[in-house]
Every structure is written in structure tokens, then in C-alpha cells.
$ cat query_22.txt   # compact mmCIF, C-alpha atoms
# COMPACT_ATOMS: atom_id res chain seq x y z
CA MET A 1 0.00 0.00 0.00
CA ALA A 2 1.31 3.43 -0.85
CA LEU A 3 1.35 6.08 1.83
CA VAL A 4 1.27 9.75 1.17
CA ASP A 5 3.87 11.88 2.80
CA GLN A 6 2.09 14.75 4.58
CA GLU A 7 -0.57 15.05 1.90
CA HIS A 8 -4.19 14.09 1.55
CA MET A 9 -5.11 11.73 -1.29
CA ASP A 10 -8.20 12.33 -3.34
CA ASP A 11 -10.59 9.72 -4.75
CA THR A 12 -8.72 9.41 -8.01
CA GLY A 13 -5.78 7.64 -6.42
CA LEU A 14 -2.40 9.06 -5.68
CA SER A 15 -2.69 12.44 -7.37
CA LEU A 16 -2.11 15.33 -5.01
CA SER A 17 -3.85 18.66 -5.30
CA GLU A 18 -2.41 21.24 -7.66
CA ALA A 19 -5.29 23.65 -7.04
CA ALA A 20 -4.12 27.25 -6.98
CA PRO A 21 -5.85 30.00 -4.97
CA GLY A 22 -7.26 31.23 -8.29
CA ASP A 23 -9.23 27.99 -8.63
CA PHE A 24 -10.96 28.66 -5.31
CA ILE A 25 -11.66 32.22 -6.39
CA ALA A 26 -13.18 30.82 -9.60
CA LEU A 27 -15.52 28.71 -7.42
CA LEU A 28 -16.98 31.97 -6.12
CA LYS A 29 -18.15 32.96 -9.63
CA PRO A 30 -16.53 36.42 -9.53
CA ARG A 31 -18.61 37.85 -12.40
CA VAL A 32 -21.90 36.93 -10.71
CA MET A 33 -20.41 38.19 -7.46
CA SER A 34 -19.69 41.60 -9.00
CA LEU A 35 -23.36 41.94 -10.00
CA VAL A 36 -24.42 40.93 -6.47
CA VAL A 37 -22.04 43.47 -4.91
CA PHE A 38 -23.33 46.21 -7.18
CA THR A 39 -27.05 45.53 -6.65
CA ALA A 40 -26.58 45.07 -2.89
CA PHE A 41 -24.67 48.37 -2.79
CA VAL A 42 -27.53 50.10 -4.61
CA GLY A 43 -29.95 48.60 -2.08
CA MET A 44 -27.84 50.04 0.76
CA VAL A 45 -27.57 53.48 -0.81
CA MET A 46 -31.30 53.65 -1.57
CA ALA A 47 -32.22 52.72 1.99
CA PRO A 48 -33.11 55.54 4.38
CA GLY A 49 -30.42 56.22 6.95
CA VAL A 50 -26.67 56.54 6.83
CA PRO A 51 -24.79 53.43 7.91
CA ASN A 52 -21.31 53.54 9.40
CA PRO A 53 -19.06 53.43 6.29
CA LEU A 54 -16.83 50.71 7.76
CA LEU A 55 -19.80 48.54 8.67
CA ALA A 56 -21.30 49.18 5.22
CA ILE A 57 -18.10 47.96 3.53
CA ILE A 58 -17.95 44.90 5.77
CA SER A 59 -21.64 44.17 5.08
CA ILE A 60 -21.08 44.39 1.31
CA ALA A 61 -18.06 42.07 1.65
CA ALA A 62 -20.14 39.58 3.68
CA ILE A 63 -22.92 39.64 1.08
CA ALA A 64 -20.32 39.14 -1.69
CA VAL A 65 -18.74 36.17 0.11
CA GLY A 66 -22.17 34.69 0.80
CA ALA A 67 -23.02 34.94 -2.90
CA GLY A 68 -19.65 33.40 -3.73
CA ALA A 69 -20.29 30.57 -1.27
CA SER A 70 -23.57 29.74 -3.00
CA GLY A 71 -21.64 29.69 -6.30
CA ALA A 72 -19.16 27.19 -4.83
CA LEU A 73 -22.02 24.98 -3.60
CA ASN A 74 -23.58 25.22 -7.07
CA MET A 75 -20.31 24.13 -8.71
CA TRP A 76 -19.97 21.25 -6.23
CA TYR A 77 -23.44 19.91 -7.02
CA ASP A 78 -23.44 20.64 -10.75
CA ALA A 79 -19.97 19.25 -11.60
CA ASP A 80 -21.53 16.40 -13.62
CA ILE A 81 -23.53 18.69 -15.91
CA ASP A 82 -20.84 21.39 -15.99
CA ALA A 83 -18.49 18.78 -17.46
CA VAL A 84 -20.63 18.26 -20.57
CA MET A 85 -21.32 21.92 -21.35
CA GLY A 86 -18.70 23.87 -23.32
CA ARG A 87 -19.37 27.05 -21.32
CA THR A 88 -18.69 25.38 -17.96
CA ALA A 89 -16.38 22.41 -18.69
CA ARG A 90 -13.27 24.35 -17.64
CA ARG A 91 -14.61 25.17 -14.17
CA PRO A 92 -12.31 23.94 -11.35
CA VAL A 93 -14.36 20.88 -10.29
CA PRO A 94 -15.17 19.33 -13.71
CA ALA A 95 -11.62 20.16 -14.85
CA GLY A 96 -10.31 18.14 -11.88
CA ARG A 97 -8.30 20.92 -10.27
CA VAL A 98 -10.53 21.04 -7.17
CA THR A 99 -12.21 17.95 -5.70
CA PRO A 100 -16.00 18.02 -5.08
CA GLY A 101 -15.33 17.65 -1.35
CA GLU A 102 -13.06 20.69 -1.32
CA ALA A 103 -15.70 22.75 -3.17
CA LEU A 104 -18.42 21.62 -0.74
CA GLY A 105 -16.32 22.39 2.34
CA PHE A 106 -15.26 25.74 0.91
CA GLY A 107 -18.88 26.69 0.17
CA LEU A 108 -20.22 25.61 3.56
CA VAL A 109 -17.47 27.35 5.57
CA LEU A 110 -17.83 30.60 3.63
CA SER A 111 -21.65 30.43 3.96
CA ALA A 112 -21.39 30.15 7.74
CA PHE A 113 -18.77 32.88 8.07
CA SER A 114 -20.54 35.33 5.74
CA VAL A 115 -23.91 34.95 7.49
CA ALA A 116 -22.38 35.23 10.97
CA THR A 117 -20.31 38.27 9.97
CA LEU A 118 -23.31 40.06 8.47
CA GLY A 119 -25.38 39.25 11.55
CA LEU A 120 -22.76 40.56 13.97
CA MET A 121 -21.74 43.62 11.93
CA ALA A 122 -25.12 44.70 10.51
CA ASN A 123 -28.17 42.92 11.89
CA TRP A 124 -29.75 39.47 12.00
CA THR A 125 -32.58 40.33 9.60
CA ALA A 126 -30.02 40.94 6.85
CA ALA A 127 -28.10 37.83 7.92
CA ALA A 128 -31.25 35.70 7.80
CA LEU A 129 -32.03 37.03 4.32
CA LEU A 130 -28.47 36.22 3.19
CA ALA A 131 -28.78 32.69 4.62
CA PHE A 132 -32.11 32.30 2.82
CA THR A 133 -30.52 33.52 -0.44
CA ILE A 134 -27.72 30.95 -0.18
CA PHE A 135 -30.20 28.19 0.71
CA PHE A 136 -32.54 29.16 -2.12
CA TYR A 137 -29.76 29.20 -4.73
CA ALA A 138 -27.92 26.07 -3.58
CA VAL A 139 -30.85 23.85 -2.56
CA ILE A 140 -34.08 25.10 -4.17
CA TYR A 141 -32.55 26.18 -7.50
CA THR A 142 -29.43 24.03 -7.97
CA MET A 143 -30.54 20.76 -6.38
CA TRP A 144 -34.21 20.85 -7.22
CA LEU A 145 -35.55 23.26 -9.84
CA LYS A 146 -32.65 23.35 -12.31
CA ARG A 147 -32.97 19.72 -13.32
CA SER A 148 -36.72 19.33 -12.96
CA THR A 149 -38.65 22.21 -14.54
CA PRO A 150 -38.32 24.70 -17.42
CA GLN A 151 -39.43 27.33 -14.91
CA ASN A 152 -36.10 26.75 -13.11
CA ILE A 153 -34.63 30.18 -13.71
CA VAL A 154 -37.97 31.97 -13.20
CA ILE A 155 -38.36 30.73 -9.62
CA GLY A 156 -34.62 30.35 -9.01
CA GLY A 157 -34.15 33.94 -10.14
CA ALA A 158 -35.42 34.99 -6.72
CA ALA A 159 -32.00 34.16 -5.30
CA GLY A 160 -30.26 36.55 -7.70
CA ALA A 161 -32.89 39.22 -7.02
CA LEU A 162 -32.45 39.23 -3.24
CA PRO A 163 -29.08 41.07 -2.83
CA PRO A 164 -30.60 44.61 -2.93
CA VAL A 165 -33.14 43.46 -0.32
CA VAL A 166 -30.27 42.17 1.83
CA GLY A 167 -28.37 45.45 1.31
CA TRP A 168 -31.46 47.47 2.26
CA ALA A 169 -32.03 45.29 5.34
CA ALA A 170 -28.37 45.71 6.37
CA VAL A 171 -29.07 49.45 6.79
CA THR A 172 -32.65 49.47 8.07
CA GLY A 173 -33.12 46.03 9.63
CA THR A 174 -36.36 45.65 7.68
CA VAL A 175 -37.78 44.56 4.34
CA SER A 176 -39.73 47.39 2.74
CA MET A 177 -41.89 47.93 -0.31
CA GLU A 178 -39.03 49.90 -1.95
CA SER A 179 -36.56 47.05 -1.58
CA LEU A 180 -39.17 44.65 -2.98
CA VAL A 181 -39.46 46.88 -6.07
CA LEU A 182 -35.70 46.46 -6.61
CA PHE A 183 -36.21 42.70 -6.10
CA LEU A 184 -39.01 42.69 -8.68
CA ILE A 185 -36.86 44.41 -11.32
CA ILE A 186 -34.09 41.79 -11.09
CA PHE A 187 -36.64 38.98 -10.75
CA LEU A 188 -38.32 39.98 -14.04
CA TRP A 189 -34.95 40.62 -15.72
CA THR A 190 -33.62 37.11 -15.05
CA PRO A 191 -35.86 34.99 -17.35
CA PRO A 192 -35.32 36.96 -20.59
CA HIS A 193 -31.60 37.26 -19.76
CA PHE A 194 -31.14 33.50 -19.33
CA TRP A 195 -33.59 32.43 -22.04
CA ALA A 196 -31.70 34.57 -24.57
CA LEU A 197 -28.57 32.61 -23.57
CA ALA A 198 -30.50 29.31 -23.59
CA LEU A 199 -31.66 29.98 -27.16
CA PHE A 200 -28.16 30.09 -28.62
CA LYS A 201 -26.76 27.52 -26.16
CA SER A 202 -29.69 25.09 -26.36
CA GLY A 203 -27.37 22.33 -27.65
CA ASP A 204 -25.27 22.60 -24.51
CA TYR A 205 -28.29 22.43 -22.21
CA GLU A 206 -29.75 19.51 -24.17
CA ARG A 207 -26.52 17.50 -23.84
CA ALA A 208 -26.53 18.17 -20.10
CA GLY A 209 -30.19 17.18 -19.80
CA ILE A 210 -31.24 20.50 -18.26
CA PRO A 211 -34.90 21.27 -19.07
CA MET A 212 -34.41 24.87 -20.20
CA LEU A 213 -37.47 26.43 -21.85
CA PRO A 214 -36.12 26.29 -25.47
CA ASN A 215 -35.42 22.56 -25.09
CA VAL A 216 -38.78 21.74 -23.52
CA ALA A 217 -41.30 24.19 -25.03
CA GLY A 218 -39.42 25.05 -28.22
CA HIS A 219 -37.87 28.24 -29.56
CA ALA A 220 -41.14 29.86 -30.63
CA ALA A 221 -42.68 29.60 -27.15
CA THR A 222 -39.44 30.84 -25.57
CA LYS A 223 -39.33 33.91 -27.81
CA LYS A 224 -42.93 34.76 -26.84
CA GLN A 225 -42.10 34.36 -23.15
CA ILE A 226 -39.02 36.57 -23.55
CA PHE A 227 -41.14 39.29 -25.13
CA ILE A 228 -43.81 39.11 -22.40
CA TYR A 229 -41.15 39.34 -19.67
CA ALA A 230 -39.50 42.26 -21.52
CA LEU A 231 -42.80 44.19 -21.37
CA LEU A 232 -43.19 43.42 -17.67
CA LEU A 233 -39.56 44.37 -17.02
CA ALA A 234 -39.87 47.68 -18.86
CA ALA A 235 -42.92 48.52 -16.72
CA SER A 236 -41.24 47.46 -13.49
CA GLY A 237 -38.24 49.68 -14.28
CA ILE A 238 -40.51 52.70 -13.84
CA LEU A 239 -41.99 51.47 -10.55
CA PRO A 240 -39.39 53.33 -8.39
CA VAL A 241 -40.95 56.59 -9.68
CA VAL A 242 -44.50 55.34 -9.04
CA ALA A 243 -43.47 54.19 -5.56
CA GLY A 244 -41.99 57.64 -4.91
CA PHE A 245 -38.36 56.85 -4.29
CA ALA A 246 -36.92 57.96 -7.63
CA SER A 247 -37.33 61.10 -9.73
CA PHE A 248 -38.90 61.63 -13.15
CA ALA A 249 -35.37 62.02 -14.56
CA TYR A 250 -34.68 58.44 -13.50
CA GLY A 251 -38.08 57.46 -14.91
CA ALA A 252 -37.10 58.86 -18.32
CA VAL A 253 -33.85 56.85 -18.29
CA ALA A 254 -35.73 53.71 -17.20
CA ALA A 255 -38.33 54.20 -19.94
CA ILE A 256 -35.64 54.51 -22.63
CA LEU A 257 -33.74 51.50 -21.31
CA GLY A 258 -36.97 49.48 -21.05
CA GLY A 259 -37.92 50.50 -24.59
CA GLY A 260 -34.53 49.21 -25.74
CA PHE A 261 -35.13 45.91 -23.96
CA VAL A 262 -38.54 45.51 -25.61
CA TRP A 263 -37.03 46.38 -29.01
CA TYR A 264 -34.26 43.76 -28.68
CA SER A 265 -36.85 41.21 -27.51
CA TRP A 266 -39.03 42.08 -30.50
CA GLN A 267 -36.04 41.32 -32.77
CA VAL A 268 -35.72 37.94 -31.03
CA LEU A 269 -39.46 37.31 -31.49
CA ARG A 270 -39.09 38.01 -35.23
CA MET A 271 -35.98 35.82 -35.51
CA PRO A 272 -36.74 33.01 -38.01
CA GLU A 273 -36.47 29.40 -36.87
CA SER A 274 -33.85 28.85 -39.59
CA ASP A 275 -31.52 31.47 -38.10
CA VAL A 276 -28.64 29.39 -36.72
CA SER A 277 -26.35 32.31 -35.85
CA MET A 278 -29.09 33.79 -33.60
CA LYS A 279 -27.55 37.24 -33.59
CA PRO A 280 -30.72 38.88 -32.14
CA ALA A 281 -30.62 36.49 -29.14
CA LYS A 282 -26.92 37.21 -28.59
CA ALA A 283 -27.60 40.94 -28.90
CA LEU A 284 -30.43 40.70 -26.33
CA PHE A 285 -28.17 38.78 -23.93
CA GLY A 286 -25.49 41.48 -24.20
CA TYR A 287 -28.05 44.29 -23.88
CA SER A 288 -29.64 42.67 -20.82
CA LEU A 289 -26.35 42.91 -18.92
CA LEU A 290 -25.96 46.54 -19.93
CA TYR A 291 -29.62 47.24 -19.04
CA LEU A 292 -29.35 46.10 -15.45
CA PHE A 293 -26.05 47.86 -14.87
CA VAL A 294 -27.21 51.18 -16.34
CA LEU A 295 -30.64 51.04 -14.65
CA PHE A 296 -29.12 50.52 -11.20
CA THR A 297 -26.45 53.15 -11.92
CA ALA A 298 -29.28 55.54 -12.80
CA LEU A 299 -30.91 54.79 -9.44
CA LEU A 300 -27.60 55.51 -7.69
CA ALA A 301 -27.08 58.75 -9.62
CA ASP A 302 -30.66 59.76 -8.90
CA ARG A 303 -30.17 59.26 -5.17
CA LEU A 304 -26.90 61.21 -5.28
CA LEU A 305 -28.51 64.10 -7.18
CA ALA A 306 -31.48 64.06 -4.78
CA SER A 307 -29.11 64.32 -1.80
CA LEU A 308 -27.55 67.36 -3.47
CA GLY A 309 -31.02 68.82 -4.03
CA LEU A 310 -30.69 68.69 -7.82
CA VAL A 311 -33.71 66.43 -8.42
CA SER A 312 -36.79 65.90 -6.31
CA MET B 1 7.07 -4.04 5.60
CA ASP B 2 8.53 -1.38 3.35
CA LYS B 3 6.44 1.73 3.20
CA GLU B 4 6.00 3.33 -0.19
CA TYR B 5 5.74 7.12 -0.07
CA VAL B 6 4.39 9.47 -2.67
CA LYS B 7 6.64 12.47 -3.02
CA PRO B 8 4.79 15.67 -3.97
CA THR B 9 6.01 17.11 -7.25
CA GLU B 10 7.40 20.63 -7.57
CA ALA B 11 4.09 21.83 -9.02
CA GLN B 12 2.15 20.31 -6.11
CA LEU B 13 4.46 21.83 -3.52
CA LYS B 14 4.24 25.21 -5.24
CA ALA B 15 0.42 25.01 -5.35
CA ARG B 16 0.30 24.03 -1.68
CA ARG B 17 2.55 26.94 -0.74
CA LYS B 18 0.30 29.36 -2.66
CA ARG B 19 -2.82 27.94 -0.98
CA SER B 20 -1.19 28.29 2.44
CA ILE B 21 -0.30 31.93 1.77
CA ALA B 22 -3.81 32.68 0.47
CA LEU B 23 -5.34 31.05 3.56
CA ALA B 24 -3.05 33.06 5.86
CA ILE B 25 -3.99 36.30 4.11
CA ALA B 26 -7.71 35.43 4.28
CA LEU B 27 -7.47 34.70 8.01
CA ALA B 28 -5.53 37.92 8.65
CA VAL B 29 -8.13 39.93 6.71
CA PHE B 30 -10.91 38.28 8.70
CA VAL B 31 -9.21 39.14 12.00
CA VAL B 32 -8.83 42.78 10.90
CA ILE B 33 -12.48 42.87 9.76
CA VAL B 34 -13.72 41.55 13.11
CA TYR B 35 -11.46 43.97 15.03
CA ILE B 36 -12.37 47.08 13.03
CA GLY B 37 -16.00 46.01 12.77
CA SER B 38 -16.27 45.52 16.53
CA LEU B 39 -14.84 48.99 17.16
CA ALA B 40 -17.16 50.55 14.58
CA LYS B 41 -20.21 48.68 15.89
CA LEU B 42 -19.66 49.08 19.62
CA GLY B 43 -17.45 52.18 19.73
CA PRO B 44 -15.81 53.06 23.04
CA GLY B 45 -18.42 50.89 24.76
CA LEU B 46 -16.35 47.93 23.66
CA PHE B 47 -13.93 48.63 26.50
CA GLU B 48 -16.54 49.73 29.06
CA ARG B 49 -17.66 46.45 30.53
CA ALA B 50 -17.25 44.52 33.74
CA MET B 51 -14.21 42.30 33.73

$ encode --input "query_22.txt" --output "C-alpha cells"
Amino acid sequence: MALVDQEHMDDTGLSLSEAAPGDFIALLKPRVMSLVVFTAFVGMVMAPGVPNPLLAIISIAAIAVGAGASGALNMWYDADIDAVMGRTARRPVPAGRVTPGEALGFGLVLSAFSVATLGLMANWTAAALLAFTIFFYAVIYTMWLKRSTPQNIVIGGAAGALPPVVGWAAVTGTVSMESLVLFLIIFLWTPPHFWALALFKSGDYERAGIPMLPNVAGHAATKKQIFIYALLLAASGILPVVAGFASFAYGAVAAILGGGFVWYSWQVLRMPESDVSMKPAKALFGYSLLYLFVLFTALLADRLLASLGLVS
Amino acid sequence: MDKEYVKPTEAQLKARRKRSIALAIALAVFVVIVYIGSLAKLGPGLFERAM
């Protein structure tokens, strides 16, 4: 029997880990994390009250790590399907650089530390919401919905929509109608964003056996759903004005951005079945990322201008 | 009985060293966060308690 000098053996035999710190950072899904940080930050800024800047930074960091932890748990559970999709095959677990056990342990430890830190440094309402977000993404979405229903990203999108609610709660200790409006915007944004991707990556999802809407209901039904969600999203973008926590200047920006989203979705709806390059779907996917970033930046700018007395 | 050992390769040792450094940095950052956060959260009251 071979013994390993000082090192732990993994299931594959005698190979020892060559995982670099960068592989563990990749487990945190840094690009998703950046969106979480940004939307949580907007939630904090929009909330009434001025938090201690140090505690605000620590809270944002805790929310970011919590989101990253849920990403690590997702990569642990989904390693089998990640391995057969071109977009995800190079992730640390399917590529064999990090063992599933390491990813699971990493995700669980970071989940516990992020929730405890947020609870101690901000409040336990925010911490409970962060814990719920991690649970919802890792268990409800990843383990259950993703492989069982084409509505996976509709319901699962709630996890991605919660960060501004957590950010708001970190400042106020409560969940308010305003923070739920921010939740609603991201919640309605998620389906058309992912379905645009699923349209031009449907082969990948089919190989992995994931019941995304284009694979289950067909491209025509998906395009219709994208368009319906685009209309709802465009309307929800204006809700901050209706709810009274953003100005008409923001409303104008939101209306233009929403109009753009509907226009790109209309192009997808008109896309012929024979179109294999699917440029309209790729364009919508790209625009959707820009939409969310600019819309939330507009909310930030609006709040800043309001604090300077430049808009009402 | 002769024991057969697996010697880590250079690449494995290098990766382990990098992981150790990253872990040390992460722990140090966490300690600083808890220290600064406690001061910011509790203020001078942190030191005003019965021993």
C-alpha cells in the first residue's frame, strides 16, 4: 500500500492537489459576485439612513462572500452537468483541479462565516435574508428546480434578485416595499436574460439534460415568453418613480432602457427558426447585462442628485 | 514491511505553498475585519464592561 507523505489523497488515487488560490476564487463565480455586490450596494444606498461606512463595507463584503459561497455549492453539485457543457467544462471541479469535497467544504465554511459576519456587523434580519438567499440558490434552485422544470430560472431567479433586499435590510433592519421593487426588477430581468442565452446555447443544455425552456417548449414559445417578460420588465423599471423613491429624470432613463429591452426582444421574437447564428438572441443577452447595470447606476445617480437637491 | 511514499512534485508543492499563503492572508483579513467592525459597531463601549 502506498502512503502519502504529509498530503491528503483524493478519490482518483495518488494524485495530489495542484489547485491554486485562483481555482478557489473561480468557485466563487466572480462575475456573478460583482453583480451581487453592485445591486446590494444600490440597495444600501437607496435605503433611508446613513450606515457607518466601515460597517457598510464589511456588510457588502459579507454579502459578496455569501453569494460566492452559493456559487461554490452550485459548482460542487453541478460538476456532472458542468463537465458536458462547453461554457462550464473548464470550471475547477469538472476540470479536476478542485475535488468536489473541497468545493463543498469551501462553500459551507464561507456560507457560515458570511452569514455570521453580516449578523454581527449589521443585523440578523439581513443575515437571515443572506442565509435564505444561499439556501434558495444552492438547494431550491441548484438541487431541485434546475434539473426538474423549465421554470427553473424563473423561480430560481429569486436568489439573484435578493441582494438589494439584503443590502437594504443591512441598513434598516427591515424589508420594505421599496426594496421589494428592486427585487421585482431583477426577478423579471432574469428569465429573458437566461432564455436569450439558452436559445443560442440550447445544444449545450440539451446534452446536459437540463430542461431549459427552449429545449422543452421550443424556440417559438421561448421567444414569446421573452417578449412578455421584456414588457413586464420595462414597466417594473418605472416602478421606483411610481413608488416615490426615484425622480422623473430616473423614470425617463428607465423608460428609454426598457424601450430598448422591448425592441431587442421584438427582434428575437421576429428571428426566423432557420436562423442558426441567432444574432438577435446574442444581442439581447449582451443588452440585458448593460440594461441592469445602467438602470441601477441611474438609481444611484438619482439618489446622489437628490441628496444634493438637484432632483426631487 | 517497506512503506511506499508518494513524493509531492514541484508543481504540487508550489500550489500548496500558494494555498497556504492565500489562507493566511484570508485569516488575517478576517481578524482585521472583526477587530475594526467591533470597534465601529460598539465604539468606546467595547472597552466599558465589567471584567

$ closest_atom_pairs --input "query_22.txt" --of "chain B" --to "chain A" --cutoff "10 Å" --atoms "all atoms listed in the file" --output "JSON lines"
{"residue": "B:Met1", "atom": "CA", "partner": "A:Met1", "partner_atom": "CA", "distance": 9.9}
{"residue": "B:Asp2", "atom": "CA", "partner": "A:Met1", "partner_atom": "CA", "distance": 9.3}
{"residue": "B:Lys3", "atom": "CA", "partner": "A:Ala2", "partner_atom": "CA", "distance": 6.8}
{"residue": "B:Glu4", "atom": "CA", "partner": "A:Ala2", "partner_atom": "CA", "distance": 4.7}
{"residue": "B:Tyr5", "atom": "CA", "partner": "A:Leu3", "partner_atom": "CA", "distance": 4.9}
{"residue": "B:Val6", "atom": "CA", "partner": "A:Val4", "partner_atom": "CA", "distance": 5.0}
{"residue": "B:Lys7", "atom": "CA", "partner": "A:Asp5", "partner_atom": "CA", "distance": 6.5}
{"residue": "B:Pro8", "atom": "CA", "partner": "A:Leu16", "partner_atom": "CA", "distance": 7.0}
{"residue": "B:Thr9", "atom": "CA", "partner": "A:Leu16", "partner_atom": "CA", "distance": 8.6}
{"residue": "B:Glu10", "atom": "CA", "partner": "A:Glu18", "partner_atom": "CA", "distance": 9.8}
{"residue": "B:Ala11", "atom": "CA", "partner": "A:Glu18", "partner_atom": "CA", "distance": 6.7}
{"residue": "B:Gln12", "atom": "CA", "partner": "A:Glu18", "partner_atom": "CA", "distance": 4.9}
{"residue": "B:Leu13", "atom": "CA", "partner": "A:Glu18", "partner_atom": "CA", "distance": 8.0}
{"residue": "B:Lys14", "atom": "CA", "partner": "A:Glu18", "partner_atom": "CA", "distance": 8.1}
{"residue": "B:Ala15", "atom": "CA", "partner": "A:Glu18", "partner_atom": "CA", "distance": 5.2}
{"residue": "B:Arg16", "atom": "CA", "partner": "A:Glu18", "partner_atom": "CA", "distance": 7.1}
{"residue": "B:Arg17", "atom": "CA", "partner": "A:Ala20", "partner_atom": "CA", "distance": 9.1}
{"residue": "B:Lys18", "atom": "CA", "partner": "A:Ala20", "partner_atom": "CA", "distance": 6.5}
{"residue": "B:Arg19", "atom": "CA", "partner": "A:Pro21", "partner_atom": "CA", "distance": 5.4}
{"residue": "B:Ser20", "atom": "CA", "partner": "A:Pro21", "partner_atom": "CA", "distance": 8.9}
{"residue": "B:Ile21", "atom": "CA", "partner": "A:Pro21", "partner_atom": "CA", "distance": 8.9}
{"residue": "B:Ala22", "atom": "CA", "partner": "A:Pro21", "partner_atom": "CA", "distance": 6.4}
{"residue": "B:Leu23", "atom": "CA", "partner": "A:Pro21", "partner_atom": "CA", "distance": 8.6}
{"residue": "B:Phe30", "atom": "CA", "partner": "A:Thr117", "partner_atom": "CA", "distance": 9.5}
{"residue": "B:Ile33", "atom": "CA", "partner": "A:Ile58", "partner_atom": "CA", "distance": 7.1}
{"residue": "B:Val34", "atom": "CA", "partner": "A:Thr117", "partner_atom": "CA", "distance": 8.0}
{"residue": "B:Ile36", "atom": "CA", "partner": "A:Leu54", "partner_atom": "CA", "distance": 7.8}
{"residue": "B:Gly37", "atom": "CA", "partner": "A:Leu55", "partner_atom": "CA", "distance": 6.1}
{"residue": "B:Ser38", "atom": "CA", "partner": "A:Met121", "partner_atom": "CA", "distance": 7.4}
{"residue": "B:Leu39", "atom": "CA", "partner": "A:Leu54", "partner_atom": "CA", "distance": 9.8}
{"residue": "B:Ala40", "atom": "CA", "partner": "A:Leu55", "partner_atom": "CA", "distance": 6.8}
{"residue": "B:Lys41", "atom": "CA", "partner": "A:Met121", "partner_atom": "CA", "distance": 6.6}
{"residue": "B:Leu42", "atom": "CA", "partner": "A:Met121", "partner_atom": "CA", "distance": 9.7}

$ residues_near_point --input "query_22.txt" --point "(-28.0, 17.9, -22.4)" --cutoff "12 Å" --atoms "all atoms listed in the file" --output "list in words"
Asp80, Ile81, Asp82, Ala83, Val84, Met85, Gly86, Arg147, Ala198, Lys201, Ser202, Gly203, Asp204, Tyr205, Glu206, Arg207, Ala208, Gly209, Ile210, Pro211, Met212, Asn215 and Val216 of chain A

$ atom_distance --input "query_22.txt" --atom1 "CA of Leu197 in chain A" --atom2 "CA of Trp144 in chain A"
20.9 Å

$ atom_distance --input "query_22.txt" --atom1 "CA of Ser307 in chain A" --atom2 "CA of Gly251 in chain A"
17.3 Å

$ residues_around --input "query_22.txt" --residues "Ala103 in chain A" --least-positions-apart "5" --cutoff "12 Å" --atoms "all atoms listed in the file" --output "ChimeraX atom specification"
/A:19,23-28,68-79,91-94,96-98,108-110

$ closest_residue --input "query_22.txt" --among "A:Phe41, A:Trp266, A:Trp189, A:Tyr229" --to "Leu289 in chain A" --atoms "only C-alpha atoms"
A:Trp189
